[in-house]
>>> print(open('protein_27.cif').read())   # mmCIF, C-alpha atoms
data_target
loop_
_atom_site.group_PDB
_atom_site.id
_atom_site.type_symbol
_atom_site.label_atom_id
_atom_site.label_comp_id
_atom_site.auth_asym_id
_atom_site.auth_seq_id
_atom_site.Cartn_x
_atom_site.Cartn_y
_atom_site.Cartn_z
ATOM 1 C CA MET A 626 81.298 170.595 133.341
ATOM 2 C CA ARG A 627 79.858 169.649 129.968
ATOM 3 C CA PRO A 628 76.106 168.931 129.784
ATOM 4 C CA SER A 629 75.108 165.299 130.116
ATOM 5 C CA THR A 630 72.020 163.537 128.818
ATOM 6 C CA ALA A 631 72.490 160.716 131.344
ATOM 7 C CA GLN A 632 69.883 160.232 134.031
ATOM 8 C CA PHE A 633 70.627 158.983 137.527
ATOM 9 C CA ASP A 634 67.381 157.029 137.746
ATOM 10 C CA ASP A 635 66.491 154.133 140.030
ATOM 11 C CA SER A 636 68.403 151.671 137.838
ATOM 12 C CA CYS A 637 71.660 153.324 138.955
ATOM 13 C CA PHE A 638 70.986 152.493 142.626
ATOM 14 C CA VAL A 639 70.894 148.821 143.589
ATOM 15 C CA THR A 640 69.767 148.106 147.161
ATOM 16 C CA GLU A 641 70.412 144.789 148.891
ATOM 17 C CA ARG A 642 69.074 143.800 152.276
ATOM 18 C CA GLY A 643 71.356 143.326 155.254
ATOM 19 C CA ARG A 644 71.064 142.249 158.871
ATOM 20 C CA GLY A 645 71.627 145.458 160.862
ATOM 21 C CA GLU A 646 70.186 148.942 161.193
ATOM 22 C CA HIS A 647 72.811 150.753 159.123
ATOM 23 C CA HIS A 648 72.447 151.558 155.426
ATOM 24 C CA ALA A 649 75.682 151.949 153.446
ATOM 25 C CA LEU A 650 75.586 154.065 150.284
ATOM 26 C CA LEU A 651 78.547 152.913 148.177
ATOM 27 C CA ILE A 652 80.040 155.398 145.674
ATOM 28 C CA PRO A 653 82.712 153.963 143.333
ATOM 29 C CA GLY A 654 85.478 155.750 141.461
ATOM 30 C CA LEU A 655 85.397 156.395 137.727
ATOM 31 C CA VAL A 656 85.875 152.685 136.963
ATOM 32 C CA PRO A 657 85.053 149.891 137.539
ATOM 33 C CA ASP A 658 81.310 149.895 138.248
ATOM 34 C CA GLY A 659 80.087 149.861 141.830
ATOM 35 C CA ALA A 660 79.224 146.149 141.739
ATOM 36 C CA GLU A 661 82.855 145.254 140.979
ATOM 37 C CA THR A 662 84.462 147.996 143.099
ATOM 38 C CA PHE A 663 82.722 146.784 146.277
ATOM 39 C CA LEU A 664 82.438 143.111 145.349
ATOM 40 C CA ARG A 665 84.575 141.940 148.273
ATOM 41 C CA GLN A 666 83.131 144.390 150.802
ATOM 42 C CA GLN A 667 79.428 143.777 150.149
ATOM 43 C CA PRO A 668 79.090 140.860 152.620
ATOM 44 C CA LEU A 669 80.892 142.911 155.248
ATOM 45 C CA PHE A 670 78.610 145.936 154.859
ATOM 46 C CA ARG A 671 75.468 143.771 154.724
ATOM 47 C CA ALA A 672 76.414 142.236 158.069
ATOM 48 C CA PHE A 673 75.646 145.686 159.523
ATOM 49 C CA GLY A 674 72.618 146.647 157.415
ATOM 50 C CA ASP A 675 71.334 147.343 153.904
ATOM 51 C CA THR A 676 73.567 148.543 151.083
ATOM 52 C CA THR A 677 72.850 150.741 148.084
ATOM 53 C CA THR A 678 75.519 150.448 145.383
ATOM 54 C CA ILE A 679 75.781 153.112 142.685
ATOM 55 C CA THR A 680 76.570 152.428 139.042
ATOM 56 C CA TYR A 681 77.050 155.489 136.862
ATOM 57 C CA PRO A 682 75.167 155.862 133.555
ATOM 58 C CA TYR A 683 77.337 154.924 130.601
ATOM 59 C CA ASP A 684 76.302 157.681 128.204
ATOM 60 C CA GLY A 685 77.097 160.680 130.395
ATOM 61 C CA PHE A 686 77.579 162.015 133.902
ATOM 62 C CA ASP A 687 75.643 164.774 135.703
ATOM 63 C CA LEU A 688 77.317 165.522 139.040
ATOM 64 C CA ASP A 689 74.570 167.889 140.221
ATOM 65 C CA GLN A 690 71.928 165.262 139.580
ATOM 66 C CA LEU A 691 73.922 162.558 141.376
ATOM 67 C CA ILE A 692 74.493 164.713 144.454
ATOM 68 C CA GLU A 693 70.812 165.607 144.648
ATOM 69 C CA ALA A 694 69.821 161.938 144.352
ATOM 70 C CA LEU A 695 72.291 160.934 147.085
ATOM 71 C CA ALA A 696 71.046 163.602 149.477
ATOM 72 C CA ILE A 697 67.442 162.516 148.936
ATOM 73 C CA ARG A 698 68.280 158.849 149.549
ATOM 74 C CA ILE A 699 70.297 159.566 152.691
ATOM 75 C CA ARG A 700 67.529 161.659 154.230
ATOM 76 C CA ALA A 701 64.898 159.074 153.225
ATOM 77 C CA ALA A 702 66.922 156.254 154.835
ATOM 78 C CA ALA A 703 67.208 158.211 158.075
ATOM 79 C CA ALA A 704 63.466 158.964 157.994
ATOM 80 C CA ARG A 705 62.831 155.197 157.814
ATOM 81 C CA GLY A 706 64.819 154.713 160.993
ATOM 82 C CA GLU A 707 68.000 153.485 159.285
ATOM 83 C CA ARG A 708 71.473 154.836 160.020
ATOM 84 C CA PRO A 709 73.083 156.023 156.749
ATOM 85 C CA VAL A 710 76.797 155.435 156.204
ATOM 86 C CA LEU A 711 78.336 157.226 153.220
ATOM 87 C CA VAL A 712 81.212 155.350 151.545
ATOM 88 C CA GLY A 713 83.299 156.923 148.755
ATOM 89 C CA VAL A 714 86.272 155.440 146.904
ATOM 90 C CA SER A 715 88.792 157.505 144.919
ATOM 91 C CA VAL A 716 86.747 159.935 142.779
ATOM 92 C CA GLY A 717 83.713 158.585 144.649
ATOM 93 C CA GLY A 718 85.332 160.006 147.777
ATOM 94 C CA GLY A 719 85.488 163.375 146.035
ATOM 95 C CA ILE A 720 81.781 163.063 145.197
ATOM 96 C CA ALA A 721 81.012 162.301 148.864
ATOM 97 C CA LEU A 722 83.019 165.342 149.969
ATOM 98 C CA GLU A 723 81.326 167.584 147.405
ATOM 99 C CA LEU A 724 77.958 166.320 148.658
ATOM 100 C CA LEU A 725 78.890 167.195 152.246
ATOM 101 C CA ARG A 726 80.168 170.616 151.188
ATOM 102 C CA ARG A 727 76.945 171.456 149.368
ATOM 103 C CA THR A 728 74.774 170.329 152.282
ATOM 104 C CA GLN A 729 76.923 171.988 154.949
ATOM 105 C CA ALA A 730 74.180 174.485 155.864
ATOM 106 C CA ASP A 731 71.679 171.634 156.348
ATOM 107 C CA PRO A 732 73.844 168.670 157.399
ATOM 108 C CA LEU A 733 72.940 165.196 156.260
ATOM 109 C CA PRO A 734 71.824 162.742 158.994
ATOM 110 C CA LEU A 735 74.853 160.460 158.708
ATOM 111 C CA ALA A 736 75.773 157.715 161.132
ATOM 112 C CA GLY A 737 79.217 157.355 159.583
ATOM 113 C CA LEU A 738 81.523 158.336 156.736
ATOM 114 C CA ILE A 739 84.159 156.136 155.059
ATOM 115 C CA LEU A 740 86.599 157.554 152.509
ATOM 116 C CA VAL A 741 89.038 155.264 150.700
ATOM 117 C CA SER A 742 91.855 157.013 148.817
ATOM 118 C CA PRO A 743 89.675 160.128 148.310
ATOM 119 C CA MET A 744 90.601 162.390 145.400
ATOM 120 C CA THR A 745 89.198 165.770 146.419
ATOM 121 C CA CYS A 746 90.103 167.773 143.289
ATOM 122 C CA SER A 747 92.203 167.471 140.144
ATOM 123 C CA ASP A 748 95.196 169.117 141.854
ATOM 124 C CA ASP A 749 95.440 166.078 144.158
ATOM 125 C CA LEU A 750 96.603 163.940 141.230
ATOM 126 C CA ALA A 751 100.220 162.811 141.119
ATOM 127 C CA PRO A 752 102.272 164.729 138.489
ATOM 128 C CA MET A 753 102.719 161.747 136.173
ATOM 129 C CA PHE A 754 99.036 160.865 136.351
ATOM 130 C CA LYS A 755 97.999 164.509 135.925
ATOM 131 C CA ARG A 756 100.143 164.835 132.805
ATOM 132 C CA PHE A 757 98.304 161.864 131.379
ATOM 133 C CA LEU A 758 94.893 163.212 132.339
ATOM 134 C CA ASP A 759 95.369 166.882 131.416
ATOM 135 C CA PRO A 760 94.890 166.359 127.655
ATOM 136 C CA VAL A 761 91.512 164.793 128.430
ATOM 137 C CA LEU A 762 90.450 167.552 130.828
ATOM 138 C CA ASN A 763 91.962 170.340 128.727
ATOM 139 C CA PRO A 764 92.420 169.258 125.073
ATOM 140 C CA PRO A 765 95.409 171.025 123.498
ATOM 141 C CA GLU A 766 94.647 173.506 120.762
ATOM 142 C CA GLY A 767 94.506 171.847 117.389
ATOM 143 C CA SER A 768 93.855 168.346 118.724
ATOM 144 C CA SER A 769 91.019 166.422 117.106
ATOM 145 C CA SER A 770 88.040 164.973 118.954
ATOM 146 C CA ALA A 771 89.340 161.533 117.978
ATOM 147 C CA ASP A 772 92.612 162.236 119.804
ATOM 148 C CA VAL A 773 90.807 163.273 122.983
ATOM 149 C CA ILE A 774 88.450 160.307 122.802
ATOM 150 C CA GLU A 775 91.347 157.878 122.432
ATOM 151 C CA LYS A 776 93.142 159.442 125.411
ATOM 152 C CA ALA A 777 89.982 159.065 127.491
ATOM 153 C CA ARG A 778 89.686 155.387 126.549
ATOM 154 C CA THR A 779 93.350 154.772 127.363
ATOM 155 C CA PHE A 780 92.961 156.546 130.692
ATOM 156 C CA PHE A 781 89.966 154.404 131.657
ATOM 157 C CA ARG A 782 91.721 151.192 130.701
ATOM 158 C CA THR A 783 94.729 152.213 132.806
ATOM 159 C CA LEU A 784 92.461 152.747 135.825
ATOM 160 C CA ALA A 785 90.737 149.413 135.301
ATOM 161 C CA SER A 786 93.962 147.473 134.828
ATOM 162 C CA ARG A 787 95.170 148.699 138.213
ATOM 163 C CA SER A 788 92.048 147.382 139.897
ATOM 164 C CA MET A 789 92.352 143.983 138.179
ATOM 165 C CA GLY A 790 95.963 143.227 139.028
ATOM 166 C CA GLU A 791 98.431 141.309 136.854
ATOM 167 C CA PRO A 792 97.552 140.252 133.276
ATOM 168 C CA LEU A 793 95.912 136.870 132.867
ATOM 169 C CA MET A 794 97.997 133.895 131.774
ATOM 170 C CA SER A 795 96.528 131.320 129.414
ATOM 171 C CA THR A 796 94.001 128.844 130.817
ATOM 172 C CA TRP A 797 96.337 125.864 130.345
ATOM 173 C CA LYS A 798 99.276 127.644 131.950
ATOM 174 C CA ALA A 799 97.050 128.716 134.831
ATOM 175 C CA LEU A 800 95.894 125.129 135.425
ATOM 176 C CA PHE A 801 99.474 123.957 135.807
ATOM 177 C CA THR A 802 100.701 126.922 137.865
ATOM 178 C CA PRO A 803 99.186 126.553 141.318
ATOM 179 C CA PRO A 804 98.325 128.473 143.372
ATOM 180 C CA ARG A 805 98.744 131.709 141.429
ATOM 181 C CA GLY A 806 97.297 130.308 138.226
ATOM 182 C CA TRP A 807 94.295 128.820 139.991
ATOM 183 C CA ILE A 808 93.597 132.154 141.664
ATOM 184 C CA GLN A 809 93.742 133.840 138.261
ATOM 185 C CA LEU A 810 91.178 131.423 136.857
ATOM 186 C CA ARG A 811 88.861 132.309 139.719
ATOM 187 C CA GLU A 812 89.353 135.999 138.985
ATOM 188 C CA ARG A 813 88.774 135.651 135.233
ATOM 189 C CA GLY A 814 85.019 136.240 135.450
ATOM 190 C CA ILE A 815 85.488 139.461 137.400
ATOM 191 C CA ARG A 816 88.032 140.724 134.890
ATOM 192 C CA LEU A 817 85.722 139.930 131.973
ATOM 193 C CA ARG A 818 82.867 141.831 133.646
ATOM 194 C CA ILE A 819 85.089 144.891 134.055
ATOM 195 C CA GLU A 820 86.286 144.688 130.460
ATOM 196 C CA ARG A 821 82.691 144.426 129.214
ATOM 197 C CA THR A 822 81.840 147.544 131.193
ATOM 198 C CA LEU A 823 84.737 149.453 129.637
ATOM 199 C CA ASN A 824 83.585 148.447 126.172
ATOM 200 C CA ARG A 825 80.045 149.652 126.932
ATOM 201 C CA ILE A 826 81.083 153.165 127.966
ATOM 202 C CA PRO A 827 81.018 155.382 124.861
ATOM 203 C CA ALA A 828 83.703 158.010 124.437
ATOM 204 C CA ALA A 829 81.360 160.875 125.312
ATOM 205 C CA GLY A 830 80.387 159.139 128.538
ATOM 206 C CA ALA A 831 84.030 158.564 129.473
ATOM 207 C CA ILE A 832 84.939 162.198 128.900
ATOM 208 C CA ALA A 833 81.871 163.355 130.879
ATOM 209 C CA ARG A 834 82.990 161.269 133.874
ATOM 210 C CA VAL A 835 86.488 162.732 133.727
ATOM 211 C CA ASN A 836 85.161 166.283 133.340
ATOM 212 C CA ALA A 837 83.073 165.858 136.494
ATOM 213 C CA ILE A 838 86.323 166.114 138.453
ATOM 214 C CA LEU A 839 86.587 169.762 137.415
ATOM 215 C CA ALA A 840 83.376 170.530 139.321
ATOM 216 C CA PHE A 841 84.926 169.518 142.650
ATOM 217 C CA VAL A 842 85.488 172.699 144.651
ATOM 218 C CA GLY A 843 87.825 170.850 146.990
ATOM 219 C CA ILE A 844 87.894 170.665 150.767
ATOM 220 C CA HIS A 845 90.722 173.216 150.999
ATOM 221 C CA GLN A 846 88.021 175.799 150.214
ATOM 222 C CA VAL A 847 85.747 174.613 153.046
ATOM 223 C CA ARG A 848 85.356 176.411 156.352
ATOM 224 C CA GLY A 849 83.814 174.640 159.315
ATOM 225 C CA VAL A 850 82.836 171.031 159.978
ATOM 226 C CA LEU A 851 81.552 168.790 157.158
ATOM 227 C CA THR A 852 80.124 166.108 159.454
ATOM 228 C CA LYS A 853 80.328 165.251 163.130
ATOM 229 C CA ALA A 854 79.651 161.584 162.355
ATOM 230 C CA PRO A 855 82.455 159.069 163.029
ATOM 231 C CA THR A 856 84.742 159.118 160.010
ATOM 232 C CA LEU A 857 87.280 156.614 158.681
ATOM 233 C CA ILE A 858 89.821 157.693 156.053
ATOM 234 C CA CYS A 859 91.850 154.861 154.504
ATOM 235 C CA TRP A 860 94.920 155.476 152.369
ATOM 236 C CA GLY A 861 96.836 152.892 150.396
ATOM 237 C CA SER A 862 100.485 152.876 151.386
ATOM 238 C CA ARG A 863 101.417 153.398 147.702
ATOM 239 C CA GLU A 864 99.114 156.280 146.794
ATOM 240 C CA ARG A 865 102.013 158.209 145.250
ATOM 241 C CA HIS A 866 101.540 156.642 141.806
ATOM 242 C CA THR A 867 98.049 158.153 141.588
ATOM 243 C CA LEU A 868 97.800 160.963 144.147
ATOM 244 C CA ARG A 869 100.260 163.467 145.543
ATOM 245 C CA MET A 870 99.897 163.307 149.290
ATOM 246 C CA ASP A 871 100.789 166.986 149.674
ATOM 247 C CA GLY A 872 97.900 168.027 147.420
ATOM 248 C CA PRO A 873 95.383 170.654 148.568
ATOM 249 C CA GLY A 874 92.913 168.001 149.743
ATOM 250 C CA THR A 875 95.049 164.920 150.280
ATOM 251 C CA GLY A 876 97.489 166.958 152.363
ATOM 252 C CA MET A 877 94.648 167.734 154.776
ATOM 253 C CA LEU A 878 93.032 164.314 154.916
ATOM 254 C CA CYS A 879 96.222 162.331 155.532
ATOM 255 C CA ARG A 880 97.040 164.356 158.671
ATOM 256 C CA PRO A 881 94.908 163.862 161.805
ATOM 257 C CA ASP A 882 95.452 167.443 163.013
ATOM 258 C CA MET A 883 94.227 168.842 159.672
ATOM 259 C CA ALA A 884 91.428 166.341 159.044
ATOM 260 C CA PHE A 885 90.062 167.122 162.524
ATOM 261 C CA ARG A 886 89.002 170.583 161.314
ATOM 262 C CA LEU A 887 86.488 169.038 158.904
ATOM 263 C CA PHE A 888 85.812 165.742 160.688
ATOM 264 C CA PRO A 889 86.133 166.096 164.474
ATOM 265 C CA ASP A 890 85.575 162.348 164.989
ATOM 266 C CA ALA A 891 87.996 161.037 162.362
ATOM 267 C CA GLU A 892 90.539 158.244 162.305
ATOM 268 C CA ILE A 893 93.116 157.758 159.565
ATOM 269 C CA GLN A 894 94.483 154.376 158.498
ATOM 270 C CA TRP A 895 97.402 153.606 156.172
ATOM 271 C CA ILE A 896 96.835 150.201 154.583
ATOM 272 C CA TYR A 897 99.653 147.698 154.132
ATOM 273 C CA ASP A 898 99.499 144.164 152.767
ATOM 274 C CA ARG A 899 101.016 141.023 154.247
ATOM 275 C CA ASP A 900 104.583 141.417 155.491
ATOM 276 C CA GLY A 901 104.360 145.193 155.151
ATOM 277 C CA GLU A 902 103.987 145.199 151.362
ATOM 278 C CA GLU A 903 102.605 148.432 149.930
ATOM 279 C CA VAL A 904 98.994 148.684 148.783
ATOM 280 C CA PRO A 905 98.091 150.925 145.821
ATOM 281 C CA HIS A 906 95.383 153.539 145.473
ATOM 282 C CA ALA A 907 91.769 152.431 146.143
ATOM 283 C CA SER A 908 92.608 148.741 145.655
ATOM 284 C CA LEU A 909 89.516 147.305 147.366
ATOM 285 C CA LEU A 910 89.131 144.486 144.859
ATOM 286 C CA LYS A 911 92.714 143.253 144.634
ATOM 287 C CA HIS A 912 93.631 143.924 148.291
ATOM 288 C CA ALA A 913 90.356 143.244 150.092
ATOM 289 C CA HIS A 914 92.184 141.211 152.737
ATOM 290 C CA ALA A 915 94.146 144.351 153.665
ATOM 291 C CA PHE A 916 91.243 146.827 153.600
ATOM 292 C CA ASN A 917 88.469 144.724 155.135
ATOM 293 C CA PRO A 918 89.819 144.381 158.722
ATOM 294 C CA PRO A 919 89.914 148.161 159.415
ATOM 295 C CA LEU A 920 86.543 148.536 157.659
ATOM 296 C CA LYS A 921 85.036 145.827 159.867
ATOM 297 C CA LYS A 922 86.519 147.351 163.011
ATOM 298 C CA PHE A 923 85.064 150.752 162.113
ATOM 299 C CA LEU A 924 81.609 149.318 161.356
ATOM 300 C CA LYS A 925 81.650 147.607 164.754
ATOM 301 C CA ARG A 926 82.485 150.965 166.268
ATOM 302 C CA LEU A 927 79.476 152.510 164.525
ATOM 303 C CA SER A 928 77.263 149.804 165.998
ATOM 304 C CA LYS A 929 78.487 150.678 169.494
ATOM 305 C CA VAL A 930 77.929 154.389 168.807
ATOM 306 C CA ALA A 931 74.371 153.591 167.710
ATOM 307 C CA LEU A 932 73.587 152.279 171.185
ATOM 308 C CA LYS A 933 74.722 155.508 172.819
ATOM 309 C CA ARG A 934 74.028 158.303 170.371
ATOM 310 C CA PRO A 935 70.810 159.163 168.481
ATOM 311 C CA LEU A 936 71.259 159.754 164.763
ATOM 312 C CA ALA A 937 70.280 163.416 165.058
ATOM 313 C CA GLU A 938 73.339 163.975 167.270
ATOM 314 C CA ALA A 939 75.672 161.894 165.101
ATOM 315 C CA GLY A 940 75.074 163.967 161.972
#
>>> encode(input="protein_27.cif", output="structure tokens")
Amino acid sequence: MRPSTAQFDDSCFVTERGRGEHHALLIPGLVPDGAETFLRQQPLFRAFGDTTTITYPYDGFDLDQLIEALAIRIRAAAARGERPVLVGVSVGGGIALELLRRTQADPLPLAGLILVSPMTCSDDLAPMFKRFLDPVLNPPEGSSSADVIEKARTFFRTLASRSMGEPLMSTWKALFTPPRGWIQLRERGIRLRIERTLNRIPAAGAIARVNAILAFVGIHQVRGVLTKAPTLICWGSRERHTLRMDGPGTGMLCRPDMAFRLFPDAEIQWIYDRDGEEVPHASLLKHAHAFNPPLKKFLKRLSKVALKRPLAEAG
């Protein structure tokens, strides 16, 4: 992984108070920022306790530094009497898994683990997506830095566009096209925030985020249990456009008999929308109504576990 000048300081971790004893640490994917990724899950998580949402520095990305900061915060939360719940989405799921792998000898005191569409290593990517990403991860000989930078920008915009849904229609057309147009007007502010974020990430920062994926060892290399804490793994029913579900990591985590080896208290959910419509990869923002019910059910389960099991035993 290329060196990064970015610092994961306190400004990257935003904590909001909740009503329960749990403390959810929310790790987003490459884009959008954590505040937008978890926008429609924040009230749900805060109903069970505090939340700490991570936003990555824009000018670089240091995976080692991030993992160290996460481990410190999880142990500090447990020391305060809180019950840490680690939540990772897409590449954020890969970061969570890498954190658990590196702390396997001294397990983190987790009350729960939630993985949404986790990408455990670059070989989990779907072939079409991997072909698009490979020139960024491994620039072809003779390509200019400008070429690689432009590919990185295009890649990030593709990721963001998937999280935002369909393109916006004009304001006047939206006003006279209920209800879809009215919904789009409501979403406009969110979309603008995501676009502003994309414009603020310099090319070097974008490439550093992408290169961080190369540092993932991958769970297929892991022996033994990663955590005994209750674990929820959610997959979109249309992951195939982004991930190959027979990948070295995805192939393990989408099968209960395989996931059990790493997470002995795991449940796996495939997420569908209304009327059985398919839900794409890590679509927490666009498809919150499909993801939130199983998330809420799992958080209620954690609350019941808390009454029976001390945190030291859960981790």
>>> closest_residue(input="protein_27.cif", among="A:Gly645, A:Pro668, A:Pro935, A:Pro905", to="A:Val741", atoms="all atoms listed in the file")
A:Pro905
>>> resolve_selection(input="protein_27.cif", expression="the PyMOL selection byres ((chain A and resi 854-864) around 8)", output="ChimeraX atom specification")
/A:735-742,852-853,865-870,878-879,888,890-897,903-908,923,927,939-940
>>> resolve_selection(input="protein_27.cif", expression="the PyMOL selection byres ((chain A and resi 684-699) around 6)", output="PyMOL selection string")
chain A and resi 629+631+682-683+700-702+724+830+833-834
>>> resolve_selection(input="protein_27.cif", expression="the PyMOL selection byres ((chain A and resi 925) around 12)", output="CSV table (one decimal) with C-alpha atoms, in the frame of the given file")
chain,number,residue,atom,x,y,z
A,645,GLY,CA,71.6,145.5,160.9
A,647,HIS,CA,72.8,150.8,159.1
A,669,LEU,CA,80.9,142.9,155.2
A,670,PHE,CA,78.6,145.9,154.9
A,672,ALA,CA,76.4,142.2,158.1
A,673,PHE,CA,75.6,145.7,159.5
A,674,GLY,CA,72.6,146.6,157.4
A,737,GLY,CA,79.2,157.4,159.6
A,855,PRO,CA,82.5,159.1,163.0
A,918,PRO,CA,89.8,144.4,158.7
A,919,PRO,CA,89.9,148.2,159.4
A,920,LEU,CA,86.5,148.5,157.7
A,921,LYS,CA,85.0,145.8,159.9
A,922,LYS,CA,86.5,147.4,163.0
A,923,PHE,CA,85.1,150.8,162.1
A,924,LEU,CA,81.6,149.3,161.4
A,926,ARG,CA,82.5,151.0,166.3
A,927,LEU,CA,79.5,152.5,164.5
A,928,SER,CA,77.3,149.8,166.0
A,929,LYS,CA,78.5,150.7,169.5
A,930,VAL,CA,77.9,154.4,168.8
A,931,ALA,CA,74.4,153.6,167.7
A,932,LEU,CA,73.6,152.3,171.2
>>> atom_distance(input="protein_27.cif", atom1="atom CA of A:Phe757", atom2="atom CA of A:Leu909")
23.3 Å
>>> closest_residue(input="protein_27.cif", among="A:Met744, A:Gly876, A:Ile815, A:Gly767", to="A:Thr662", atoms="only C-alpha atoms")
A:Ile815
>>> closest_residue(input="protein_27.cif", among="A:Asn836, A:Gln846, A:Thr875, A:Thr680", to="A:Gln632", atoms="all atoms listed in the file")
A:Thr680
